[in-house]
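**Q** Pasting in a structure now, in structure tokens, and then I'll have a few things to ask.
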Amino acid sequence: MVRGRDDTPALEDLQGYGAAKDWALALVEEVARVRRGEITADALESAVFFGVPGTGKTSLARAIAQGARLPLIVTSVAEWFANSPGHLDSVIKQANGFYDQLLAAAPCIGFLDELDALPNRATLSARGADWWLPVITNNLLKIDQVRAARSGVILLAATNHLERIDAALLRPGRFDRQFEIEPPDEASLRGILRQHLGDDLTGVDLTAAARLGAGATGAVAVGWIRAARRRARAAARALTLEDLSPRLLRPTRARWRCCGRPRFTRRRMGWRRCGSG
């Protein structure tokens, strides 16, 4: 069982999640309504978050758990293999243990990371089908069991490849909704930087840094901040905006430049004169 980490931002403070955040905020409110007895737990939807790596899909699941004040129970297909001999029956038992834990802990949130590790039956080879079909079918049945219990279990999942997910997993009644988490726009990236900088660069306009980093994911932006702090620590000084500049943090390829007086560079087949400009 995993509860939201102390460094997980509050759900309302998350930047750049679009429709997924709107749905998450509504979900948290519905959990509160279930607690007050205004609606029943079967009104709670489950969802898959998809998108390129580093866009914060896991962070969103953690923030939902924090906001809803529910325990977060996390698993993955890789974990089922790692915690077992890897035989068919042992992998299925690991999966069943996850779903049984959800029912025992209800109300709670179950998070299945890297959902595409469960193969799509439409693309399985004949040889792969012999092994994977029981695993996939078992997961479908266990998800049905969890949802039918109406005990307040919310299933969330994440994947980088929604197109690889078996269609049966994405139908209403299993994972009802699918939300793409895209890299943040400039305004959201600026908000992410501000959020993770904490007390550093207070009052400094981060627009230029966010503009330089256009197209980066939130995880990349957090990496800039870590690298910037290392630079400042190494120089025994306070963090500066120049430390944070994504352009400065990107490795550049060394270039030979000729300037000033004429110079000569060596080539494989002889010497070549460089211009003086």
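Residue numbers start at 1 in each chain; chains themselves are named A, B, ... in the order of the structure tokens; ligands are numbered from 1 in the order shown.
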Could the residues of region 76-95 of chain A that have an atom at most 12 Å from region 118-121 of chain A be listed as CSV, each with its closest atom pair and the distance in Å to one decimal, counting only C-alpha atoms and ordered by chain and ascending residue number?

**A**
residue,atom,partner,partner_atom,distance
A:Ser76,CA,A:Leu118,CA,9.4
A:Val77,CA,A:Leu118,CA,7.0
A:Ala78,CA,A:Leu118,CA,9.8
A:Trp80,CA,A:Leu118,CA,11.3
A:Val91,CA,A:Leu118,CA,11.8
A:Ala95,CA,A:Leu118,CA,11.3

**Q** Measuring atom to atom with only C-alpha atoms, identify which of A:Leu27, A:Leu60, A:Val52, A:Leu133 is nearest to Ile92 (chain A).

**A**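 Of A:Leu27, A:Leu60, A:Val52, A:Leu133, the one nearest Ile92 (chain A), counting only C-alpha atoms, is A:Leu133.
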
**Q** Tell me which protein, DNA and RNA residues are within 9 Å of region 235-238 of chain A, counting only C-alpha atoms, leaving out same-chain ones fewer than 3 positions away, and put them as a list of chain:residue names.

**A**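 Counting only the stated atoms, we get A:Asp200, A:Leu201, A:Arg229, A:Arg230, A:Arg231, A:Ala232.
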
**Q** Just to be explicit: take each residue in the selection above, keep N, CA and C atoms, and write the result as an mmCIF file, in the first residue's frame.

**A**
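The resulting file, part.cif, is reproduced below:
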data_model
loop_
_atom_site.group_PDB
_atom_site.id
_atom_site.type_symbol
_atom_site.label_atom_id
_atom_site.label_comp_id
_atom_site.auth_asym_id
_atom_site.auth_seq_id
_atom_site.Cartn_x
_atom_site.Cartn_y
_atom_site.Cartn_z
ATOM 1 N N ASP A 200 13.277 28.946 -4.001
ATOM 2 C CA ASP A 200 14.319 29.457 -4.892
ATOM 3 C C ASP A 200 13.715 30.388 -5.950
ATOM 4 N N LEU A 201 14.447 31.408 -6.322
ATOM 5 C CA LEU A 201 14.066 32.362 -7.370
ATOM 6 C C LEU A 201 12.699 32.996 -7.111
ATOM 7 N N ARG A 229 20.380 23.339 -9.312
ATOM 8 C CA ARG A 229 20.769 23.378 -7.904
ATOM 9 C C ARG A 229 22.162 22.788 -7.697
ATOM 10 N N ARG A 230 22.484 21.754 -8.473
ATOM 11 C CA ARG A 230 23.834 21.202 -8.382
ATOM 12 C C ARG A 230 24.869 22.233 -8.819
ATOM 13 N N ARG A 231 24.567 22.971 -9.876
ATOM 14 C CA ARG A 231 25.494 24.001 -10.349
ATOM 15 C C ARG A 231 25.718 25.058 -9.271
ATOM 16 N N ALA A 232 24.600 25.492 -8.665
ATOM 17 C CA ALA A 232 24.712 26.537 -7.655
ATOM 18 C C ALA A 232 25.475 26.038 -6.433
#

**Q** Using only C-alpha atoms, determine which residues lie at most 9 Å from Phe98 (chain A), disregarding the query and same-chain residues fewer than 3 positions distant; provide the list as a VMD selection string.

**A** chain A and resid 73 to 75 93 to 95 101 to 103 110

**Q** As a PyMOL selection string, please: every residue in region 60-143 of chain A that DSSP puts in strand (DSSP E).

**A** chain A and resi 72-76+108-113

**Q** Find the residues around Ser245 (chain A) up to 9 Å (only C-alpha atoms counted), leave out those fewer than 5 positions away in its own chain, and share them as a VMD selection string.

**A** chain A and resid 208 to 210 212 to 213 224 228 250

**Q** Measuring atom to atom with only C-alpha atoms, identify which of A:Leu72, A:Val222, A:Leu11, A:Leu115 is nearest to Asn139 (chain A).

**A**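 Using only C-alpha atoms, the shortest distance to Asn139 (chain A) belongs to A:Leu115.
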
**Q** Write out as a VMD selection string all residues of region 65-149 of chain A that backbone DSSP assigns to alpha helix (DSSP H).

**A** chain A and resid 65 to 68 77 to 82 88 to 105 126 to 149

**Q** Write the residues of the selection above to a file with C-alpha atoms, as a PDB file, in the first residue's frame.

**A**
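Contents of part31.pdb, as written:
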ATOM      1  CA  ALA A  65      -5.414   9.667  -3.718  1.00  0.00           C
ATOM      2  CA  GLN A  66      -4.289  12.563  -1.526  1.00  0.00           C
ATOM      3  CA  GLY A  67      -7.202  14.750  -2.511  1.00  0.00           C
ATOM      4  CA  ALA A  68      -9.746  11.985  -1.954  1.00  0.00           C
ATOM      5  CA  VAL A  77       2.770  -6.659 -14.503  1.00  0.00           C
ATOM      6  CA  ALA A  78       6.532  -6.386 -13.991  1.00  0.00           C
ATOM      7  CA  GLU A  79       5.970  -6.581 -10.246  1.00  0.00           C
ATOM      8  CA  TRP A  80       3.910  -9.754 -10.666  1.00  0.00           C
ATOM      9  CA  PHE A  81       6.885 -11.366 -12.363  1.00  0.00           C
ATOM     10  CA  ALA A  82       9.454  -9.939  -9.957  1.00  0.00           C
ATOM     11  CA  LEU A  88       1.753 -18.865 -15.263  1.00  0.00           C
ATOM     12  CA  ASP A  89       0.016 -19.847 -12.046  1.00  0.00           C
ATOM     13  CA  SER A  90       2.280 -17.705  -9.880  1.00  0.00           C
ATOM     14  CA  VAL A  91       1.793 -14.601 -12.060  1.00  0.00           C
ATOM     15  CA  ILE A  92      -1.972 -15.047 -11.893  1.00  0.00           C
ATOM     16  CA  LYS A  93      -1.779 -15.423  -8.105  1.00  0.00           C
ATOM     17  CA  GLN A  94       0.204 -12.169  -7.885  1.00  0.00           C
ATOM     18  CA  ALA A  95      -2.438 -10.383  -9.949  1.00  0.00           C
ATOM     19  CA  ASN A  96      -5.224 -11.828  -7.836  1.00  0.00           C
ATOM     20  CA  GLY A  97      -3.427 -10.689  -4.701  1.00  0.00           C
ATOM     21  CA  PHE A  98      -3.570  -7.106  -5.961  1.00  0.00           C
ATOM     22  CA  TYR A  99      -7.317  -7.195  -6.653  1.00  0.00           C
ATOM     23  CA  ASP A 100      -8.032  -8.983  -3.360  1.00  0.00           C
ATOM     24  CA  GLN A 101      -6.039  -6.312  -1.539  1.00  0.00           C
ATOM     25  CA  LEU A 102      -8.156  -3.622  -3.179  1.00  0.00           C
ATOM     26  CA  LEU A 103     -11.385  -5.219  -2.012  1.00  0.00           C
ATOM     27  CA  ALA A 104     -10.008  -5.652   1.510  1.00  0.00           C
ATOM     28  CA  ALA A 105      -8.869  -2.009   1.676  1.00  0.00           C
ATOM     29  CA  ALA A 126      -0.394 -18.181 -31.505  1.00  0.00           C
ATOM     30  CA  ARG A 127       2.535 -19.098 -29.291  1.00  0.00           C
ATOM     31  CA  GLY A 128       2.053 -16.041 -27.064  1.00  0.00           C
ATOM     32  CA  ALA A 129      -1.676 -16.664 -26.770  1.00  0.00           C
ATOM     33  CA  ASP A 130      -1.112 -20.028 -25.076  1.00  0.00           C
ATOM     34  CA  TRP A 131       0.603 -18.276 -22.165  1.00  0.00           C
ATOM     35  CA  TRP A 132      -1.000 -14.832 -22.037  1.00  0.00           C
ATOM     36  CA  LEU A 133      -4.695 -15.567 -22.633  1.00  0.00           C
ATOM     37  CA  PRO A 134      -5.250 -16.962 -19.115  1.00  0.00           C
ATOM     38  CA  VAL A 135      -3.480 -13.931 -17.602  1.00  0.00           C
ATOM     39  CA  ILE A 136      -5.491 -11.424 -19.624  1.00  0.00           C
ATOM     40  CA  THR A 137      -8.792 -13.203 -19.085  1.00  0.00           C
ATOM     41  CA  ASN A 138      -8.122 -13.465 -15.363  1.00  0.00           C
ATOM     42  CA  ASN A 139      -7.466  -9.706 -15.152  1.00  0.00           C
ATOM     43  CA  LEU A 140     -10.680  -8.919 -17.004  1.00  0.00           C
ATOM     44  CA  LEU A 141     -12.668 -11.130 -14.644  1.00  0.00           C
ATOM     45  CA  LYS A 142     -11.009  -9.713 -11.526  1.00  0.00           C
ATOM     46  CA  ILE A 143     -11.650  -6.140 -12.682  1.00  0.00           C
ATOM     47  CA  ASP A 144     -15.297  -7.075 -13.212  1.00  0.00           C
ATOM     48  CA  GLN A 145     -15.376  -8.518  -9.692  1.00  0.00           C
ATOM     49  CA  VAL A 146     -13.887  -5.364  -8.173  1.00  0.00           C
ATOM     50  CA  ARG A 147     -16.244  -3.062 -10.056  1.00  0.00           C
ATOM     51  CA  ALA A 148     -19.295  -5.225  -9.316  1.00  0.00           C
ATOM     52  CA  ALA A 149     -18.569  -5.094  -5.578  1.00  0.00           C
TER      53      ALA A 149
END

**Q** Residues near Gly191 (chain A), anyone? I mean within 12 Å using only C-alpha atoms, not counting same-chain ones fewer than 4 positions away, as a list in words.

**A**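 The neighbour list is Pro9, Asp13, Leu14, Gln15, Gly16, Tyr17, Pro184, Asp185, Glu186, Ala187, Gln195, His196, Leu197, Gly198, Asp205, Leu206, Thr207, Ala209, Ala210, Gly218, Ala221 and Val222 of chain A.
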
**Q** Considering only C-alpha atoms, state which residue in the set A:Ser125, A:Leu241, A:Ala61, A:Phe49 is at the smallest distance from Leu25 (chain A).

**A**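 Going through A:Ser125, A:Leu241, A:Ala61, A:Phe49 one by one, the smallest distance to Leu25 (chain A) is for A:Ala61.
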
**Q** Using only C-alpha atoms, can you tell me which of A:Leu44, A:His87, A:Ile165, A:Val153 comes closest to Thr123 (chain A)?

**A**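 Among the listed residues, the smallest separation from Thr123 (chain A) belongs to A:Ile165.
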